[in-house]
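What follows is a short report on a single structure.
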Amino acid sequence: MDNENPIVEINRAYRRVVDFCSDDELGGPVGATDSQIDALASAQGVAEVPIAVRQILRHIGMIEGVFAAQGTFCVSYLGPDAKEMAIEFVEELPRGVKSLDGPDNLLVVMKFQSECCLVVDGSDLGSENPPLWELSEDGRSPVRYSSTTTYFDIAADRACDYISWARRIDPRD
């Protein structure tokens with residue numbers, strides 16, 4: 001991870017989930033178009049969307065399918081309110097907690113209800129494959145993923161784990 005083209009890495013992780021799941025289990029993910037992704041950036045007041053983030057949204061940016069168990073990546077739900085929530089999470093962190101360098105220009109990539117969100121630090125927006133930060137309303141220290149592709153690889157594993165769990169609960173064969 002992190003050494004290849006980020007688009008190739010995102011596609012590989014996504015394909016792993018597609019290959020693991022039946023169509024019903026996959027949940028029919030629908031990607032966002034580049035114009036929808038650009039509208040997301042505009043709604044959040046940022047000039048660009050990193051390539052790796054853009055590729056995730058091209059796969060699951062309208063309907064997440066099995067990835068929805070982790071939160072919404074739907075560009076329609078990640079507007080100014082999501083950004084305001086993320087900035088509040090940063091502002092409520094205890095003093096001395098390592099945080100974002102450019103929170104006012106952050107980009108929200110995913111949110112889970114009003115409890116947590118995944119963001120690109122505004123200072124990293126120019127990177128093709130920036131680190132992602134998981135912020136939460138409970139004030140715990142943010143979780144930092146070393147890159148977008150590292151996060152999405154973990155997300156793909158979680159999606160497959162979720163399907164494995166669901167198969168054990170409801171074996172249809």
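By order in the structure tokens, chains are A, B, ...; within a chain, residues start at 1; ligands start at 1, following the order shown.
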
Query - Picked from stretch 20-167 of chain A by DSSP as alpha helix (DSSP H), as a ChimeraX atom specification - result: /A:20,23-26,34-43,51-60,80-91,148-167

Query raised in the report: Leaving out A:Lys83 and any residue of its chain fewer than 2 positions from it, which residues lie within 8 Å of it when counting only C-alpha atoms, given as a list of chain:residue names?
Result: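 Returned residues: A:Gln44, A:Leu78, A:Gly79, A:Pro80, A:Asp81, A:Met85, A:Ala86, A:Ile87, A:Leu106, A:Leu107, A:Val108.
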
**Report entry** Pick from A:Ile7, A:Ile56, A:Leu40, A:Ala68 nearest to A:Gln113, counting only C-alpha atoms
**Finding:** A:Ala68

Report task. Please report, as a PyMOL selection string, each residue of chain A to which DSSP assigns strand (DSSP E) when run on this structure's backbone. Result -> chain A and resi 107-112+116-120+132-136+143-145

Keeping C-alpha atoms, export the residues of the selection given above as an mmCIF file, in the first residue's frame.
data_model
loop_
_atom_site.group_PDB
_atom_site.id
_atom_site.type_symbol
_atom_site.label_atom_id
_atom_site.label_comp_id
_atom_site.auth_asym_id
_atom_site.auth_seq_id
_atom_site.Cartn_x
_atom_site.Cartn_y
_atom_site.Cartn_z
ATOM 1 C CA LEU A 107 -12.866 17.931 3.750
ATOM 2 C CA VAL A 108 -15.386 15.502 5.239
ATOM 3 C CA VAL A 109 -15.207 12.181 3.402
ATOM 4 C CA MET A 110 -17.538 10.059 5.571
ATOM 5 C CA LYS A 111 -19.777 10.495 8.572
ATOM 6 C CA PHE A 112 -21.522 8.083 10.882
ATOM 7 C CA CYS A 116 -17.970 10.496 14.093
ATOM 8 C CA CYS A 117 -16.558 11.476 10.745
ATOM 9 C CA LEU A 118 -13.567 10.879 8.522
ATOM 10 C CA VAL A 119 -11.761 13.933 7.173
ATOM 11 C CA VAL A 120 -8.823 15.131 5.136
ATOM 12 C CA LEU A 132 -7.357 10.587 6.930
ATOM 13 C CA TRP A 133 -8.459 11.518 10.427
ATOM 14 C CA GLU A 134 -11.360 9.930 12.290
ATOM 15 C CA LEU A 135 -12.948 12.477 14.600
ATOM 16 C CA SER A 136 -15.635 11.771 17.171
ATOM 17 C CA VAL A 143 -7.450 8.303 14.893
ATOM 18 C CA ARG A 144 -5.012 8.987 12.061
ATOM 19 C CA TYR A 145 -4.788 6.674 9.058
#

**Report entry** Atomic distance atom CA of A:Asn11 - atom CA of A:Ala156, expressed in Å with one decimal
**Finding:** 10.6 Å

Query raised in the report: With only C-alpha atoms as the basis for distance, which of A:Ala155, A:Cys21, A:Val8, A:Ala13 is at the shortest distance from A:Phe73?
Result: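 The shortest atom-to-atom distance to A:Phe73 comes from A:Ala155.
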